[in-house]
$ cat input-v8.cif   # mmCIF, C-alpha atoms
data_target
#
loop_
_atom_site.label_atom_id
_atom_site.label_comp_id
_atom_site.auth_asym_id
_atom_site.auth_seq_id
_atom_site.Cartn_x
_atom_site.Cartn_y
_atom_site.Cartn_z
CA MET D 1 0.00 0.00 0.00
CA SER D 2 1.53 3.37 -1.00
CA SER D 3 1.79 6.18 1.49
CA ASN D 4 0.09 8.52 -1.01
CA GLY D 5 -2.88 6.17 -1.27
CA THR D 6 -3.14 5.91 2.49
CA GLN D 7 -2.96 9.68 2.91
CA SER D 8 -5.62 10.14 0.22
CA ARG D 9 -8.02 7.78 2.00
CA ILE D 10 -7.50 9.48 5.36
CA ALA D 11 -7.91 12.88 3.72
CA GLY D 12 -11.21 11.68 2.25
CA LEU D 13 -12.40 10.69 5.69
CA PHE D 14 -11.58 14.03 7.24
CA THR D 15 -12.92 16.00 4.27
CA GLY D 16 -16.29 14.28 4.60
CA SER D 17 -16.09 14.60 8.35
CA SER D 18 -15.46 18.34 8.10
CA VAL D 19 -18.66 18.77 6.09
CA TYR D 20 -20.64 16.81 8.67
CA LEU D 21 -18.90 18.74 11.44
CA VAL D 22 -19.83 22.10 9.92
CA SER D 23 -23.46 21.04 9.47
CA ASN D 24 -23.56 19.55 12.96
CA ILE D 25 -22.09 22.72 14.43
CA ALA D 26 -24.55 24.88 12.48
CA ASN D 27 -27.41 22.66 13.64
CA ALA D 28 -26.09 22.59 17.20
CA MET D 29 -25.79 26.37 17.21
CA VAL D 30 -29.58 26.56 17.04
CA PRO D 31 -30.23 25.25 20.59
CA PHE D 32 -27.17 27.17 21.85
CA LEU D 33 -28.44 30.39 20.29
CA LEU D 34 -31.92 29.66 21.59
CA LEU D 35 -30.65 28.87 25.09
CA PRO D 36 -30.19 32.53 26.17
CA LEU D 37 -33.66 33.27 24.80
CA LEU D 38 -35.41 30.29 26.34
CA THR D 39 -33.78 30.68 29.75
CA ARG D 40 -34.95 34.29 29.85
CA TYR D 41 -38.46 33.78 28.47
CA LEU D 42 -39.12 30.43 30.17
CA ALA D 43 -38.97 29.72 33.87
CA PRO D 44 -36.84 26.71 34.89
CA GLU D 45 -40.03 24.66 35.32
CA GLU D 46 -41.18 25.47 31.77
CA TYR D 47 -37.73 24.73 30.37
CA GLY D 48 -37.85 21.42 32.18
CA LEU D 49 -41.19 20.49 30.58
CA VAL D 50 -39.82 21.37 27.14
CA SER D 51 -36.82 19.11 27.79
CA ILE D 52 -39.11 16.27 28.79
CA PHE D 53 -41.22 16.66 25.63
CA GLN D 54 -38.09 16.68 23.47
CA ALA D 55 -36.78 13.59 25.23
CA LEU D 56 -40.07 11.77 24.80
CA THR D 57 -40.15 12.59 21.08
CA THR D 58 -36.69 11.09 20.64
CA GLY D 59 -37.34 8.13 22.90
CA LEU D 60 -40.45 7.08 21.00
CA LEU D 61 -38.24 6.37 17.98
CA ALA D 62 -37.59 3.00 19.62
CA PHE D 63 -41.17 2.09 18.68
CA VAL D 64 -42.20 4.53 15.93
CA GLY D 65 -40.79 2.86 12.83
CA LEU D 66 -39.15 0.11 14.89
CA ASN D 67 -35.62 1.26 14.05
CA THR D 68 -35.92 0.32 10.39
CA VAL D 69 -33.99 3.42 9.32
CA GLY D 70 -30.86 1.58 10.45
CA ALA D 71 -32.01 -1.49 8.54
CA ALA D 72 -32.35 0.52 5.32
CA ILE D 73 -28.93 2.08 5.74
CA ARG D 74 -27.31 -1.29 6.34
CA HIS D 75 -29.25 -2.77 3.38
CA TYR D 76 -27.78 -0.09 1.13
CA TYR D 77 -24.41 -1.86 1.28
CA ASP D 78 -25.93 -5.21 0.23
CA VAL D 79 -28.18 -4.37 -2.74
CA ASP D 80 -27.16 -4.20 -6.38
CA THR D 81 -29.90 -1.94 -7.77
CA ARG D 82 -31.76 1.19 -6.74
CA ALA D 83 -35.08 -0.59 -7.31
CA GLN D 84 -34.23 -3.20 -4.66
CA LEU D 85 -33.38 -0.49 -2.16
CA ALA D 86 -36.55 1.46 -3.02
CA ARG D 87 -38.75 -1.56 -2.27
CA TYR D 88 -36.93 -2.07 1.03
CA VAL D 89 -37.37 1.58 2.03
CA GLY D 90 -41.06 1.37 1.08
CA GLY D 91 -41.44 -1.55 3.44
CA CYS D 92 -39.87 0.53 6.21
CA PHE D 93 -42.44 3.28 5.68
CA LYS D 94 -45.29 0.77 5.85
CA ILE D 95 -43.87 -0.39 9.18
CA LEU D 96 -43.80 3.28 10.25
CA ALA D 97 -47.51 3.75 9.49
CA ILE D 98 -48.55 0.65 11.41
CA SER D 99 -46.32 1.41 14.39
CA VAL D 100 -47.61 4.99 14.69
CA LEU D 101 -51.18 3.72 15.02
CA VAL D 102 -50.13 1.15 17.63
CA VAL D 103 -48.13 3.66 19.70
CA LEU D 104 -50.97 6.19 19.59
CA GLY D 105 -53.33 3.51 20.86
CA VAL D 106 -50.99 2.59 23.72
CA MET D 107 -50.48 6.25 24.59
CA LEU D 108 -54.23 6.77 24.78
CA ALA D 109 -54.68 3.71 26.96
CA LEU D 110 -51.91 4.75 29.37
CA ARG D 111 -52.32 8.52 29.19
CA GLY D 112 -53.11 8.87 32.89
CA LEU D 113 -49.86 7.20 33.93
CA ALA D 114 -47.91 9.06 31.24
CA VAL D 115 -49.26 12.44 32.36
CA ASP D 116 -48.21 11.74 35.94
CA LEU D 117 -44.72 10.60 34.91
CA THR D 118 -43.94 13.41 32.48
CA GLY D 119 -45.99 16.36 33.66
CA LEU D 120 -47.13 16.89 30.05
CA SER D 121 -50.77 17.16 28.98
CA SER D 122 -52.36 14.23 27.17
CA GLU D 123 -52.51 16.33 23.99
CA TRP D 124 -48.77 16.90 23.95
CA LEU D 125 -48.18 13.22 24.70
CA LEU D 126 -50.09 12.24 21.55
CA LEU D 127 -48.42 14.93 19.46
CA SER D 128 -45.00 13.61 20.50
CA VAL D 129 -45.81 10.44 18.54
CA LEU D 130 -46.40 12.47 15.37
CA ALA D 131 -43.18 14.40 15.93
CA SER D 132 -41.33 11.08 16.14
CA ALA D 133 -42.88 9.98 12.85
CA GLY D 134 -41.59 13.15 11.21
CA LEU D 135 -38.12 12.49 12.61
CA PHE D 136 -38.23 8.97 11.18
CA ALA D 137 -38.78 10.30 7.66
CA VAL D 138 -36.05 12.93 8.04
CA ASN D 139 -33.63 10.34 9.44
CA MET D 140 -34.33 8.00 6.53
CA ARG D 141 -33.42 10.68 3.99
CA LEU D 142 -30.37 11.74 6.01
CA GLY D 143 -29.20 8.17 6.55
CA LEU D 144 -29.30 7.23 2.89
CA TRP D 145 -27.47 10.42 1.93
CA GLN D 146 -24.84 9.55 4.52
CA ALA D 147 -24.45 6.03 3.11
CA GLN D 148 -24.06 7.52 -0.38
CA GLY D 149 -21.41 9.92 0.90
CA LYS D 150 -23.52 12.98 0.00
CA ALA D 151 -22.38 15.12 2.90
CA LEU D 152 -23.52 18.45 1.42
CA ALA D 153 -27.08 17.23 0.85
CA PHE D 154 -27.06 15.72 4.33
CA GLY D 155 -25.88 18.97 5.86
CA SER D 156 -28.43 21.06 3.99
CA LEU D 157 -31.37 19.07 5.33
CA GLN D 158 -29.94 18.80 8.82
CA VAL D 159 -29.34 22.54 9.06
CA SER D 160 -32.78 23.26 7.58
CA LEU D 161 -34.36 21.24 10.36
CA GLY D 162 -32.58 23.27 13.00
CA VAL D 163 -33.27 26.62 11.35
CA LEU D 164 -36.97 25.87 10.89
CA ASN D 165 -37.17 24.72 14.51
CA ALA D 166 -35.59 27.98 15.66
CA ALA D 167 -37.74 30.16 13.42
CA ILE D 168 -40.99 28.64 14.68
CA THR D 169 -39.74 28.94 18.25
CA LEU D 170 -38.90 32.64 17.86
CA ILE D 171 -42.30 33.41 16.36
CA LEU D 172 -44.37 31.47 18.89
CA VAL D 173 -42.41 32.28 22.05
CA ILE D 174 -41.71 36.02 21.61
CA PRO D 175 -44.47 37.76 19.59
CA PHE D 176 -47.20 35.27 20.53
CA GLY D 177 -45.94 34.66 24.07
CA LEU D 178 -46.86 30.97 24.05
CA GLY D 179 -44.03 29.99 26.37
CA ALA D 180 -43.37 26.26 26.72
CA ASP D 181 -46.26 25.43 24.37
CA GLY D 182 -44.66 27.54 21.65
CA ARG D 183 -41.32 25.78 22.00
CA MET D 184 -42.95 22.35 21.98
CA ALA D 185 -44.97 23.31 18.89
CA ALA D 186 -41.68 24.06 17.12
CA ILE D 187 -40.28 20.67 18.13
CA LEU D 188 -43.42 19.14 16.56
CA LEU D 189 -43.86 21.22 13.40
CA ALA D 190 -40.25 21.29 12.17
CA PRO D 191 -39.79 17.50 11.79
CA LEU D 192 -43.32 17.03 10.47
CA SER D 193 -42.75 19.61 7.73
CA LEU D 194 -39.32 18.39 6.71
CA GLY D 195 -40.45 14.78 7.08
CA CYS D 196 -42.96 15.39 4.28
CA ILE D 197 -40.23 17.00 2.18
CA SER D 198 -37.94 14.04 2.88
CA ILE D 199 -40.55 11.63 1.55
CA ILE D 200 -40.87 13.71 -1.61
CA LEU D 201 -37.08 13.70 -2.06
CA LEU D 202 -36.91 9.93 -1.59
CA ARG D 203 -39.58 9.44 -4.23
CA LYS D 204 -37.85 11.86 -6.58
CA ASP D 205 -34.57 9.95 -6.23
CA GLY D 206 -36.28 6.62 -6.88
CA LEU D 207 -35.63 5.39 -3.34
CA LEU D 208 -39.20 4.85 -2.16
CA GLU D 209 -41.43 2.20 -3.69
CA LEU D 210 -44.56 1.19 -1.77
CA ARG D 211 -45.21 -1.93 -3.83
CA GLN D 212 -43.16 -4.83 -2.56
CA SER D 213 -43.41 -8.35 -1.26
CA GLY D 214 -43.58 -9.04 2.43
CA SER D 215 -39.98 -10.22 2.43
CA GLU D 216 -38.61 -6.66 2.55
CA MET D 217 -40.70 -5.83 5.62
CA LYS D 218 -39.74 -9.08 7.32
CA GLU D 219 -36.05 -8.45 6.70
CA ALA D 220 -36.31 -4.87 7.96
CA LEU D 221 -38.11 -6.02 11.09
CA ALA D 222 -35.51 -8.75 11.65
CA PHE D 223 -32.89 -6.00 11.79
CA GLY D 224 -34.91 -3.31 13.53
CA VAL D 225 -36.92 -5.14 16.20
CA PRO D 226 -33.84 -6.52 18.03
CA LEU D 227 -32.66 -2.90 18.12
CA ALA D 228 -35.75 -1.78 20.07
CA PRO D 229 -34.13 -2.57 23.45
CA HIS D 230 -30.99 -0.83 22.17
CA VAL D 231 -32.86 2.35 21.25
CA LEU D 232 -34.92 2.16 24.44
CA GLY D 233 -31.68 1.74 26.35
CA LEU D 234 -30.28 4.78 24.56
CA PHE D 235 -33.38 6.66 25.60
CA LEU D 236 -32.87 5.67 29.23
CA LEU D 237 -29.21 6.68 28.97
CA SER D 238 -29.77 10.03 27.30
CA ALA D 239 -33.13 11.12 28.67
CA GLY D 240 -34.22 8.83 31.50
CA ASP D 241 -32.59 11.17 34.00
CA ARG D 242 -35.09 13.91 33.11
CA PHE D 243 -38.03 11.75 34.14
CA VAL D 244 -36.41 10.59 37.38
CA ILE D 245 -35.37 14.13 38.30
CA ASN D 246 -38.88 15.36 37.50
CA SER D 247 -40.39 12.67 39.73
CA LEU D 248 -38.01 13.27 42.66
CA LEU D 249 -37.10 16.96 42.46
CA GLY D 250 -39.62 18.58 40.09
CA ALA D 251 -39.57 20.20 36.65
CA GLU D 252 -37.59 23.22 37.88
CA SER D 253 -34.63 20.98 38.73
CA VAL D 254 -34.94 19.37 35.29
CA GLY D 255 -34.55 22.82 33.75
CA ILE D 256 -31.36 23.58 35.73
CA TYR D 257 -29.86 20.17 34.96
CA MET D 258 -30.66 20.36 31.27
CA VAL D 259 -28.88 23.70 30.87
CA ALA D 260 -25.67 22.01 32.04
CA MET D 261 -26.39 19.01 29.82
CA GLN D 262 -27.09 21.23 26.80
CA ILE D 263 -23.72 22.94 27.14
CA SER D 264 -21.87 19.64 27.59
CA LEU D 265 -23.52 18.20 24.46
CA GLY D 266 -20.99 20.06 22.33
CA ILE D 267 -18.56 17.16 22.73
CA GLY D 268 -21.12 14.60 21.64
CA LEU D 269 -22.07 16.70 18.63
CA VAL D 270 -18.46 16.82 17.40
CA PHE D 271 -18.16 13.04 17.65
CA ASP D 272 -21.54 12.50 16.06
CA ALA D 273 -20.39 14.59 13.11
CA PHE D 274 -17.14 12.67 12.80
CA ASN D 275 -18.94 9.35 13.10
CA LYS D 276 -21.27 10.17 10.21
CA ALA D 277 -18.24 10.31 7.91
CA PHE D 278 -16.41 7.54 9.74
CA VAL D 279 -19.10 4.85 9.29
CA PRO D 280 -19.03 4.57 5.46
CA TRP D 281 -15.23 4.92 5.52
CA LEU D 282 -14.95 2.23 8.19
CA PHE D 283 -17.36 -0.25 6.60
CA ALA D 284 -15.64 0.02 3.23
CA ARG D 285 -12.26 -0.81 4.79
CA LEU D 286 -13.55 -3.56 7.06
CA LYS D 287 -15.00 -5.21 3.96
CA LYS D 288 -11.51 -5.37 2.40
CA GLY D 289 -10.17 -7.22 5.44
CA GLU D 290 -6.60 -5.94 5.07
CA GLN D 291 -4.47 -5.97 8.23
CA ALA D 292 -2.77 -2.67 7.39
CA LEU D 293 -6.15 -0.95 7.08
CA ARG D 294 -7.27 -2.44 10.39
CA GLN D 295 -4.18 -1.07 12.10
CA GLN D 296 -4.82 2.33 10.56
CA ILE D 297 -8.41 2.29 11.86
CA VAL D 298 -7.27 1.50 15.39
CA ALA D 299 -4.65 4.26 15.35
CA ILE D 300 -7.26 6.83 14.27
CA THR D 301 -9.64 5.56 16.93
CA TYR D 302 -7.11 6.00 19.72
CA GLY D 303 -6.44 9.54 18.52
CA CYS D 304 -10.16 10.24 18.81
CA PHE D 305 -10.18 8.81 22.34
CA ALA D 306 -7.55 11.34 23.39
CA GLY D 307 -9.38 14.16 21.63
CA ALA D 308 -12.59 13.45 23.55
CA PHE D 309 -10.97 13.98 26.95
CA MET D 310 -9.10 17.05 25.75
CA MET D 311 -12.40 18.60 24.64
CA ALA D 312 -13.96 17.79 28.02
CA GLY D 313 -11.10 19.58 29.77
CA VAL D 314 -11.47 22.67 27.58
CA LEU D 315 -15.22 22.73 28.21
CA VAL D 316 -14.70 22.60 31.97
CA LEU D 317 -12.30 25.57 31.81
CA ALA D 318 -14.74 27.58 29.70
CA GLY D 319 -17.74 26.54 31.79
CA PRO D 320 -18.18 29.67 33.95
CA ILE D 321 -18.25 31.96 30.92
CA LEU D 322 -20.59 29.67 28.96
CA VAL D 323 -23.11 29.33 31.77
CA TYR D 324 -23.10 33.09 32.45
CA VAL D 325 -23.53 34.07 28.80
CA LEU D 326 -25.88 31.32 27.64
CA ALA D 327 -28.14 30.81 30.64
CA GLY D 328 -28.18 33.81 32.96
CA LYS D 329 -28.48 34.13 36.72
CA ASP D 330 -31.56 31.95 37.19
CA TYR D 331 -29.61 28.95 35.90
CA HIS D 332 -26.17 29.73 37.40
CA SER D 333 -26.21 26.60 39.58
CA ALA D 334 -25.93 24.52 36.38
CA LEU D 335 -22.18 25.21 36.56
CA ASP D 336 -21.95 22.83 39.55
CA TYR D 337 -22.71 19.85 37.32
CA LEU D 338 -21.06 20.83 34.04
CA ALA D 339 -17.63 19.23 34.62
CA ILE D 340 -19.11 15.83 35.50
CA LEU D 341 -21.47 15.87 32.51
CA ALA D 342 -18.66 16.96 30.16
CA PHE D 343 -16.61 13.85 30.93
CA GLY D 344 -19.77 11.77 30.61
CA GLN D 345 -20.11 13.18 27.10
CA ALA D 346 -16.47 12.26 26.42
CA PHE D 347 -17.33 8.62 27.09
CA GLN D 348 -20.31 9.03 24.76
CA GLY D 349 -17.85 10.03 22.03
CA LEU D 350 -15.69 6.99 22.76
CA TYR D 351 -18.76 4.76 22.56
CA LEU D 352 -19.58 6.01 19.06
CA MET D 353 -16.12 4.97 17.88
CA VAL D 354 -16.57 1.31 18.89
CA THR D 355 -20.29 0.60 18.47
CA ASN D 356 -20.01 0.50 14.66
CA TYR D 357 -18.42 -2.96 14.69
CA ALA D 358 -21.58 -4.54 16.12
CA PHE D 359 -23.64 -2.92 13.35
CA TYR D 360 -21.20 -4.06 10.70
CA ALA D 361 -21.36 -7.63 12.02
CA LYS D 362 -25.20 -7.35 12.21
CA ARG D 363 -25.07 -8.33 15.90
CA THR D 364 -27.67 -5.76 16.88
CA GLY D 365 -29.28 -8.11 19.38
CA LEU D 366 -26.10 -8.24 21.47
CA LEU D 367 -25.70 -4.49 21.20
CA SER D 368 -29.26 -4.08 22.43
CA SER D 369 -28.47 -6.16 25.49
CA VAL D 370 -25.46 -4.01 26.38
CA THR D 371 -27.37 -0.76 25.86
CA MET D 372 -30.41 -1.90 27.79
CA LEU D 373 -28.24 -3.16 30.65
CA SER D 374 -26.46 0.20 30.77
CA GLY D 375 -29.74 2.08 30.63
CA VAL D 376 -31.26 0.08 33.47
CA LEU D 377 -28.06 0.58 35.49
CA GLY D 378 -28.30 4.33 34.90
CA ILE D 379 -31.93 4.54 36.02
CA ALA D 380 -31.20 2.42 39.12
CA LEU D 381 -28.27 4.66 40.05
CA LEU D 382 -30.44 7.74 39.63
CA TRP D 383 -33.08 6.45 42.03
CA ILE D 384 -30.34 5.68 44.56
CA VAL D 385 -28.15 8.79 44.39
CA VAL D 386 -30.55 11.63 43.47
CA PRO D 387 -32.37 11.47 46.85
CA ILE D 388 -28.94 11.69 48.55
CA TRP D 389 -26.94 14.15 46.42
CA GLY D 390 -29.61 15.79 44.28
CA LEU D 391 -28.57 17.00 40.83
CA ARG D 392 -24.88 16.30 41.54
CA GLY D 393 -25.85 12.67 42.08
CA ALA D 394 -27.71 12.67 38.75
CA ALA D 395 -24.58 13.96 36.98
CA MET D 396 -22.39 11.35 38.68
CA ALA D 397 -24.81 8.59 37.70
CA TYR D 398 -24.61 9.80 34.09
CA LEU D 399 -20.80 9.69 34.09
CA VAL D 400 -20.64 6.19 35.60
CA THR D 401 -23.27 4.89 33.18
CA MET D 402 -21.60 6.34 30.08
CA ALA D 403 -18.22 4.89 31.10
CA THR D 404 -19.76 1.48 31.79
CA ARG D 405 -21.53 1.42 28.44
CA PHE D 406 -18.34 2.32 26.59
CA PHE D 407 -16.26 -0.46 28.13
CA LEU D 408 -19.01 -3.06 27.65
CA THR D 409 -19.52 -2.01 24.02
CA TRP D 410 -15.77 -2.04 23.35
CA GLY D 411 -15.63 -5.63 24.58
CA LEU D 412 -18.63 -6.50 22.42
CA ALA D 413 -16.98 -4.88 19.40
CA GLN D 414 -13.93 -7.06 19.83
CA TYR D 415 -16.13 -10.14 20.15
CA CYS D 416 -18.14 -9.28 17.00
CA HIS D 417 -15.25 -8.13 14.83
CA PRO D 418 -11.74 -8.57 16.32
CA MET D 419 -9.37 -5.65 15.75
CA PRO D 420 -5.67 -5.17 16.65
CA TRP D 421 -6.41 -2.90 19.60
CA PHE D 422 -3.17 -3.83 21.37
CA SER D 423 -0.93 -4.51 18.37
CA PHE D 424 -1.87 -1.78 15.90
CA ARG D 425 1.75 -0.63 15.51
CA LYS D 426 2.96 -4.03 14.40
CA ASN D 427 3.34 -4.96 10.76
CA SER D 428 1.31 -7.88 9.43
#
$ encode --input "input-v8.cif" --output "structure tokens"
Amino acid sequence: MSSNGTQSRIAGLFTGSSVYLVSNIANAMVPFLLLPLLTRYLAPEEYGLVSIFQALTTGLLAFVGLNTVGAAIRHYYDVDTRAQLARYVGGCFKILAISVLVVLGVMLALRGLAVDLTGLSSEWLLLSVLASAGLFAVNMRLGLWQAQGKALAFGSLQVSLGVLNAAITLILVIPFGLGADGRMAAILLAPLSLGCISIILLRKDGLLELRQSGSEMKEALAFGVPLAPHVLGLFLLSAGDRFVINSLLGAESVGIYMVAMQISLGIGLVFDAFNKAFVPWLFARLKKGEQALRQQIVAITYGCFAGAFMMAGVLVLAGPILVYVLAGKDYHSALDYLAILAFGQAFQGLYLMVTNYAFYAKRTGLLSSVTMLSGVLGIALLWIVVPIWGLRGAAMAYLVTMATRFFLTWGLAQYCHPMPWFSFRKNS
């Protein structure tokens, strides 16, 4: 393998990654730019309710569509023709339609319990299901663009989602004074609108065909259903703390905690951007099976590990300024939890670098077990430590849970697809 060829491949990875990074940063700037507005127009209790609605919308993706977006993306690497992929994607959208009806029915049946747990009205609980359906459609279009290496198209849609979300928020919260309802309406309307556009774009590109045999749906479900515990576990890991804090300390404490979490999310967003370019690059090289490429992958991964902790350190140093500028005096206590959450986000970045091997090996069932175990551990820790240490205990539980998930997933990655983690400098 020539050094020029190697450098060209690495350059391709980082070029694609830079496009994803720019779009992720632009998209991430929306909540950061909105944060000073929301923390000044919304009381901590209202901000907490908005955070719970947003978490619920994301968490419902475990059931709305049954994770078949991931199935379609993985199927992209196996099909020979666009028509085959279009039939598969069409099957995924049929699964979406059926699952939305089922989840709405369950939400109606359990609305009393759900209202007590979340503090949201039954109307917003039902609307969160529709918001999740919109996100499914957007994620399908984004995922297939990512698999095709179309970073610019990906970034355009991703940024549009954030900009539309912000625009609706500004209109409904300031001139109309709708408060938390206005912000939640934006979280609903933005993905619904762009979800419809995403469906049109898929049809235009010949990637959505609703006429197919049942085999496509069965195959998509075989991939997606085992991921339901995984996505549910992710929900518990990323958003379960909001519901526990709300139950034990109230929505105002959720608002304070989520300001610190929002600021710390910068690390996760950088790694999410890198991972979007890394996945197609990684899968293409794993398919070749060359030892030199495997060693190169491991070396890059270790560099990313170091970068994650460096970013956490920088965020901790900048924390006082960020909290003062972005949140204001009513949320100043968020600074007490920022350092712990920042290192929790660093472990989230490390996790993204190793979880791809389970997806490549199609061992999603095992990955689901690890994620669900970690999620349950996190919720258990929260119920134990939050009554003792309050929000600091919640932050500590998050850090311990993220670290545990990373190490368990790293072990699973090695089991699914062995890599030279401890011999990457050796020649084959």
$ resolve_selection --input "input-v8.cif" --expression "the PyMOL selection byres ((chain D and resi 403-410) around 9)" --output "PyMOL selection string"
chain D and resi 344+346-355+358+367+370-371+373-375+398-402+411-415
$ resolve_selection --input "input-v8.cif" --expression "the PyMOL selection byres ((chain D and resi 129-144) around 9)" --output "PyMOL selection string"
chain D and resi 56-61+64-65+67-70+72-73+76+89+93+96-97+100+103-104+107+124-128+145-150+153-155+157-158+161+187-199+201-202+276
$ closest_residue --input "input-v8.cif" --among "D:Leu317, D:Leu269, D:Val115, D:Met419" --to "Ile297 of chain D" --atoms "all atoms listed in the file"
D:Met419
$ closest_residue --input "input-v8.cif" --among "D:Leu33, D:Ala55, D:Leu210, D:Val22" --to "Ala86 of chain D" --atoms "all atoms listed in the file"
D:Leu210
$ residues_around --input "input-v8.cif" --residues "Ile52 of chain D" --least-positions-apart "6" --cutoff "10 Å" --atoms "only C-alpha atoms" --output "list of chain:residue names"
D:Glu46, D:Thr58, D:Thr118, D:Gly119, D:Leu120, D:Met184, D:Ala239, D:Gly240, D:Asp241, D:Arg242, D:Phe243, D:Asn246, D:Ala251, D:Val254, D:Gly255, D:Met258
$ resolve_selection --input "input-v8.cif" --expression "the PyMOL selection byres ((chain D and resi 286) around 12)" --output "count of residues only"
28
$ atom_distance --input "input-v8.cif" --atom1 "atom CA of Gly390 of chain D" --atom2 "atom CA of Leu377 of chain D"
17.6 Å
$ closest_residue --input "input-v8.cif" --among "D:Ala273, D:Ala185, D:Leu152, D:Leu117" --to "Leu164 of chain D" --atoms "all atoms listed in the file"
D:Ala185
